[in-house]
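In what follows, a single structure is set out as structure tokens and then discussed.
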Amino acid sequence: MSSLQSTDPPEASTPDAHALTEPELSGISRMSAVDTVRARIALAIDLDLMTVGEKLPPDARIAAALDVSEITVRRALESMAADGVVERRRGRNGGTYVTGLRPSVPDSAVEAYRADAAQVHRLIDLRTLLECALTHHAAVKASAGELAELAQHVADAAAAENWTEYHRADERFHLGIAEASGLTWALEQYREVLAELYRYFIPYPIDVLHAANEDHARIVDALSSHDPVMAVDVAREHVRHLHSTMFVGQFEERFRQDGGK
């Protein structure tokens with residue numbers, strides 16, 4: 001698991017920059033950056049991933065984790081505060097707190113995420129294929145220095161106190177494996193897939209993320225033992241698990257529990 005990438009409007013790009021997306025804008029691609037930030041946090045609250053009274057990280061850290069501007073985060077949270085979903089406090093105990101009021105996420109925002117379910121599952125499958133290849137070669141080629149850096153990323157993720165801190169360590173870990181693989185031809189495609197997938201992550205409780213980080217530690221152990229079979233086995237399940245743990249899987253599970261209603 002990890003965290004999220006930019007929803008700010010992209011700058012001018014090369015003709016094939018959107019090779020991994022559908023030709024026509026759909027789902028969250030139609031949403032503004034502010035609406036996307038709002039929807040991500042509101043969905044986390046709606047799925048009980050954030051609890052009553054929980055304090056959100058500072059705006060700047062949320063902006064860094066979601067790869068958007070701080071003003072975008074501020075506008076999103078102020079909009080949610082106006083609806084009573086969060087409370088913005090000032091002073092010594094200042095910050096943004098979850099109120100416990102169920103978010104009235106605009107239908108368009110929820111439907112935008114649901115509309116992209118197939119795309120999310122496709123990205124997870126693409127990432128699984130690439131991750132297995134990169135992890136296999138990293139188990140063969142990773143240097144002592146690269147292994148030490150990966151171990152440090154695992155330690156940083158373990159020390160993270162919230163999802164924004166965890167995100168950066170998680171991203172550095174997975175990109176570190178990709179770079180250690182030596183498969184330069186696959187790096188750009190992997191970065192694109194990872195960036196696209198991160199756009200769909202929503203905040204998770206830190207204990208859930210710490211549990212996912214245990215897979216990272218097992219991968220490093222396998223890489224250090226130069227055991228590509230074990231490393232790939234762990235990496236494959238780590239990524240495939242996203243089919244059920246990401247919001248698409250949680251929506252689908254809720255749908256089943258409601259009897260398909």
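Going by the structure tokens order, chains are called A, B, ..., each with residues numbered from 1, while ligands are numbered from 1 in the order shown.
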**Within 12 Å of region 91-98 of chain A using only C-alpha atoms, minus same-chain residues under 2 positions, as number ranges by chain** = A: 41-42, 44-46, 48-60, 62, 73-74, 76-78, 80-81, 83-89, 100-103
Residues from last step as file, C-alpha atoms, as a short mmCIF file (atom, residue, chain, number, x, y, z; two decimals), in the first residue's frame:
```cif
data_model
loop_
_atom_site.label_atom_id
_atom_site.label_comp_id
_atom_site.auth_asym_id
_atom_site.auth_seq_id
_atom_site.Cartn_x
_atom_site.Cartn_y
_atom_site.Cartn_z
CA ILE A 41 -10.38 12.06 2.57
CA ALA A 42 -14.16 11.84 2.67
CA ALA A 44 -11.57 7.29 3.95
CA ILE A 45 -13.96 8.59 6.60
CA ASP A 46 -16.94 6.92 4.94
CA ASP A 48 -14.22 3.95 8.56
CA LEU A 49 -10.52 4.26 7.80
CA MET A 50 -10.44 7.50 9.80
CA THR A 51 -11.95 7.73 13.29
CA VAL A 52 -13.87 10.34 15.27
CA GLY A 53 -11.50 12.87 16.78
CA GLU A 54 -8.58 11.80 14.61
CA LYS A 55 -6.24 14.65 13.80
CA LEU A 56 -5.21 14.94 10.17
CA PRO A 57 -1.56 15.66 9.34
CA PRO A 58 -0.66 19.31 8.63
CA ASP A 59 -1.83 20.69 5.30
CA ALA A 60 1.72 20.80 3.96
CA ILE A 62 -1.04 16.17 3.06
CA VAL A 73 -5.47 20.90 0.34
CA ARG A 74 -6.53 23.98 2.29
CA ALA A 76 -10.56 20.98 0.14
CA LEU A 77 -10.45 20.86 3.94
CA GLU A 78 -12.21 24.21 4.30
CA MET A 80 -15.26 19.76 4.23
CA ALA A 81 -15.27 21.92 7.37
CA ASP A 83 -20.07 20.66 5.65
CA GLY A 84 -19.16 19.69 9.21
CA VAL A 85 -17.19 16.59 8.20
CA VAL A 86 -13.98 17.96 9.72
CA GLU A 87 -13.27 20.75 12.19
CA ARG A 88 -10.47 23.28 11.67
CA ARG A 89 -9.11 24.51 15.01
CA GLY A 100 -17.64 11.86 13.17
CA LEU A 101 -20.30 13.29 10.88
CA ARG A 102 -20.69 10.99 7.90
CA PRO A 103 -19.46 12.80 4.81
#
```
Show me, as a tab-separated table (two decimals) with C-alpha atoms, in the first residue's frame, the residues that have an atom within 9 Å of region 197-206 of chain A when counting only C-alpha atoms, minus same-chain residues fewer than 4 positions from it.
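After the write, result-v8.tsv holds the following:
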```tsv
chain	number	residue	atom	x	y	z
A	1	MET	CA	0.00	0.00	0.00
A	2	SER	CA	1.00	3.38	-0.45
A	3	SER	CA	-0.15	6.72	-0.83
A	4	LEU	CA	-1.10	9.14	-3.66
A	5	GLN	CA	-0.02	11.18	-6.64
A	6	SER	CA	-0.96	14.45	-8.26
A	7	THR	CA	-4.45	15.40	-9.25
A	28	ILE	CA	-11.40	11.02	-11.51
A	39	ALA	CA	-13.22	12.90	-2.12
A	40	ARG	CA	-10.16	10.89	-1.03
A	41	ILE	CA	-10.38	12.06	2.57
A	43	LEU	CA	-14.09	8.30	1.29
A	44	ALA	CA	-11.57	7.29	3.95
A	45	ILE	CA	-13.96	8.59	6.60
A	49	LEU	CA	-10.52	4.26	7.80
A	50	MET	CA	-10.44	7.50	9.80
A	51	THR	CA	-11.95	7.73	13.29
A	66	LEU	CA	-1.03	13.69	-2.44
A	113	TYR	CA	-14.01	6.66	-8.23
A	120	VAL	CA	-7.61	0.47	-10.91
A	123	LEU	CA	-3.16	-0.92	-12.99
A	124	ILE	CA	-2.73	-3.36	-10.10
A	127	ARG	CA	2.14	-3.28	-11.51
A	160	ALA	CA	5.98	6.67	10.35
A	161	GLU	CA	3.24	7.99	12.62
A	162	ASN	CA	0.62	8.64	9.96
A	163	TRP	CA	-0.21	7.89	6.34
A	164	THR	CA	1.50	10.99	4.96
A	166	TYR	CA	4.43	6.45	5.40
A	192	GLU	CA	4.16	5.64	-14.77
A	193	VAL	CA	2.12	2.69	-13.49
A	210	HIS	CA	2.71	-0.86	9.25
A	211	ALA	CA	1.33	-4.35	8.62
A	246	MET	CA	-7.83	-0.51	-2.04
A	247	PHE	CA	-11.12	1.39	-2.08
```
**Prompt:** In region 45-261 of chain A, what's helix (DSSP H, G or I) per DSSP? Answer as a PyMOL selection string?
**Reply:** chain A and resi 45-46+59-66+70-82+107-115+117-141+144-159+163-181+184-198+206-224+228-240+242-245+247-257
**Item:** Sel. of strand (DSSP E or B) residues, region 87-208 of chain A, as a count of residues only
**Value:** 7
**Request:** May I have the residues within 7 Å of region 224-241 of chain A as a PyMOL selection string, using only C-alpha atoms and disregarding those fewer than 3 positions away in the same chain?
**Result:** chain A and resi 124+128+131-132+135-136+139-140+147+215+219-221+244-245
Take the residues from that selection and write them out as a PDB file, in the first residue's frame, keeping N, CA and C atoms.
```
ATOM      1  N   ILE A 124      -3.289  -2.431 -11.087  1.00  0.00           N
ATOM      2  CA  ILE A 124      -2.726  -3.363 -10.104  1.00  0.00           C
ATOM      3  C   ILE A 124      -2.117  -4.559 -10.822  1.00  0.00           C
ATOM      4  N   THR A 128       1.755  -5.610 -10.864  1.00  0.00           N
ATOM      5  CA  THR A 128       2.174  -6.940 -10.423  1.00  0.00           C
ATOM      6  C   THR A 128       3.178  -7.548 -11.396  1.00  0.00           C
ATOM      7  N   GLU A 131       6.437  -5.512 -11.143  1.00  0.00           N
ATOM      8  CA  GLU A 131       7.067  -5.674  -9.827  1.00  0.00           C
ATOM      9  C   GLU A 131       7.784  -7.020  -9.731  1.00  0.00           C
ATOM     10  N   CYS A 132       7.167  -8.061 -10.285  1.00  0.00           N
ATOM     11  CA  CYS A 132       7.786  -9.384 -10.230  1.00  0.00           C
ATOM     12  C   CYS A 132       9.106  -9.406 -11.004  1.00  0.00           C
ATOM     13  N   THR A 135      11.717  -7.184  -9.110  1.00  0.00           N
ATOM     14  CA  THR A 135      12.154  -7.797  -7.856  1.00  0.00           C
ATOM     15  C   THR A 135      13.079  -8.971  -8.119  1.00  0.00           C
ATOM     16  N   HIS A 136      12.750  -9.764  -9.130  1.00  0.00           N
ATOM     17  CA  HIS A 136      13.603 -10.909  -9.485  1.00  0.00           C
ATOM     18  C   HIS A 136      15.023 -10.444  -9.799  1.00  0.00           C
ATOM     19  N   ALA A 139      16.991  -9.143  -6.823  1.00  0.00           N
ATOM     20  CA  ALA A 139      17.515 -10.209  -5.970  1.00  0.00           C
ATOM     21  C   ALA A 139      18.849 -10.726  -6.497  1.00  0.00           C
ATOM     22  N   VAL A 140      19.045 -10.586  -7.790  1.00  0.00           N
ATOM     23  CA  VAL A 140      20.289 -11.058  -8.412  1.00  0.00           C
ATOM     24  C   VAL A 140      21.364  -9.973  -8.409  1.00  0.00           C
ATOM     25  N   LEU A 147      20.911  -2.440  -0.891  1.00  0.00           N
ATOM     26  CA  LEU A 147      20.173  -3.201   0.118  1.00  0.00           C
ATOM     27  C   LEU A 147      20.072  -2.407   1.426  1.00  0.00           C
ATOM     28  N   ASP A 215       5.727  -6.826   4.818  1.00  0.00           N
ATOM     29  CA  ASP A 215       6.064  -7.441   3.530  1.00  0.00           C
ATOM     30  C   ASP A 215       7.349  -6.838   2.980  1.00  0.00           C
ATOM     31  N   ILE A 219      10.738  -8.793   1.903  1.00  0.00           N
ATOM     32  CA  ILE A 219      11.342  -8.663   0.575  1.00  0.00           C
ATOM     33  C   ILE A 219      12.825  -8.339   0.701  1.00  0.00           C
ATOM     34  N   VAL A 220      13.163  -7.422   1.605  1.00  0.00           N
ATOM     35  CA  VAL A 220      14.570  -7.067   1.805  1.00  0.00           C
ATOM     36  C   VAL A 220      15.365  -8.288   2.278  1.00  0.00           C
ATOM     37  N   ASP A 221      14.788  -9.085   3.169  1.00  0.00           N
ATOM     38  CA  ASP A 221      15.472 -10.293   3.633  1.00  0.00           C
ATOM     39  C   ASP A 221      15.748 -11.232   2.471  1.00  0.00           C
ATOM     40  N   SER A 244      -8.068  -6.163  -3.048  1.00  0.00           N
ATOM     41  CA  SER A 244      -9.079  -6.198  -1.985  1.00  0.00           C
ATOM     42  C   SER A 244      -8.928  -5.069  -0.974  1.00  0.00           C
ATOM     43  N   THR A 245      -7.711  -4.551  -0.802  1.00  0.00           N
ATOM     44  CA  THR A 245      -7.497  -3.541   0.232  1.00  0.00           C
ATOM     45  C   THR A 245      -7.719  -2.112  -0.246  1.00  0.00           C
TER      46      THR A 245
END
```
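You will find CA of Gln250 (chain A) at 26.6 Å from CA of Ala159 (chain A).
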**Residue neighbourhood Glu149 (chain A), 10 Å, only C-alpha atoms, exclusion window fewer than 6 positions, as a ChimeraX atom specification** = /A:143,155,172-173,176-177
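Counting from CA of Arg75 (chain A), the distance to CA of Gly27 (chain A) is 21.2 Å.
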**Request:** Grab the CA of Glu165 (chain A) to CA of Asp35 (chain A) distance for me, in Å with one decimal place.
**Result:** 22.5 Å
**Message:** Please determine, counting only C-alpha atoms, which residue among A:Leu130, A:Ala33, A:Ala64, A:Ala117 has the shortest atom-to-atom distance to Gln189 (chain A).
**Reply:** A:Leu130
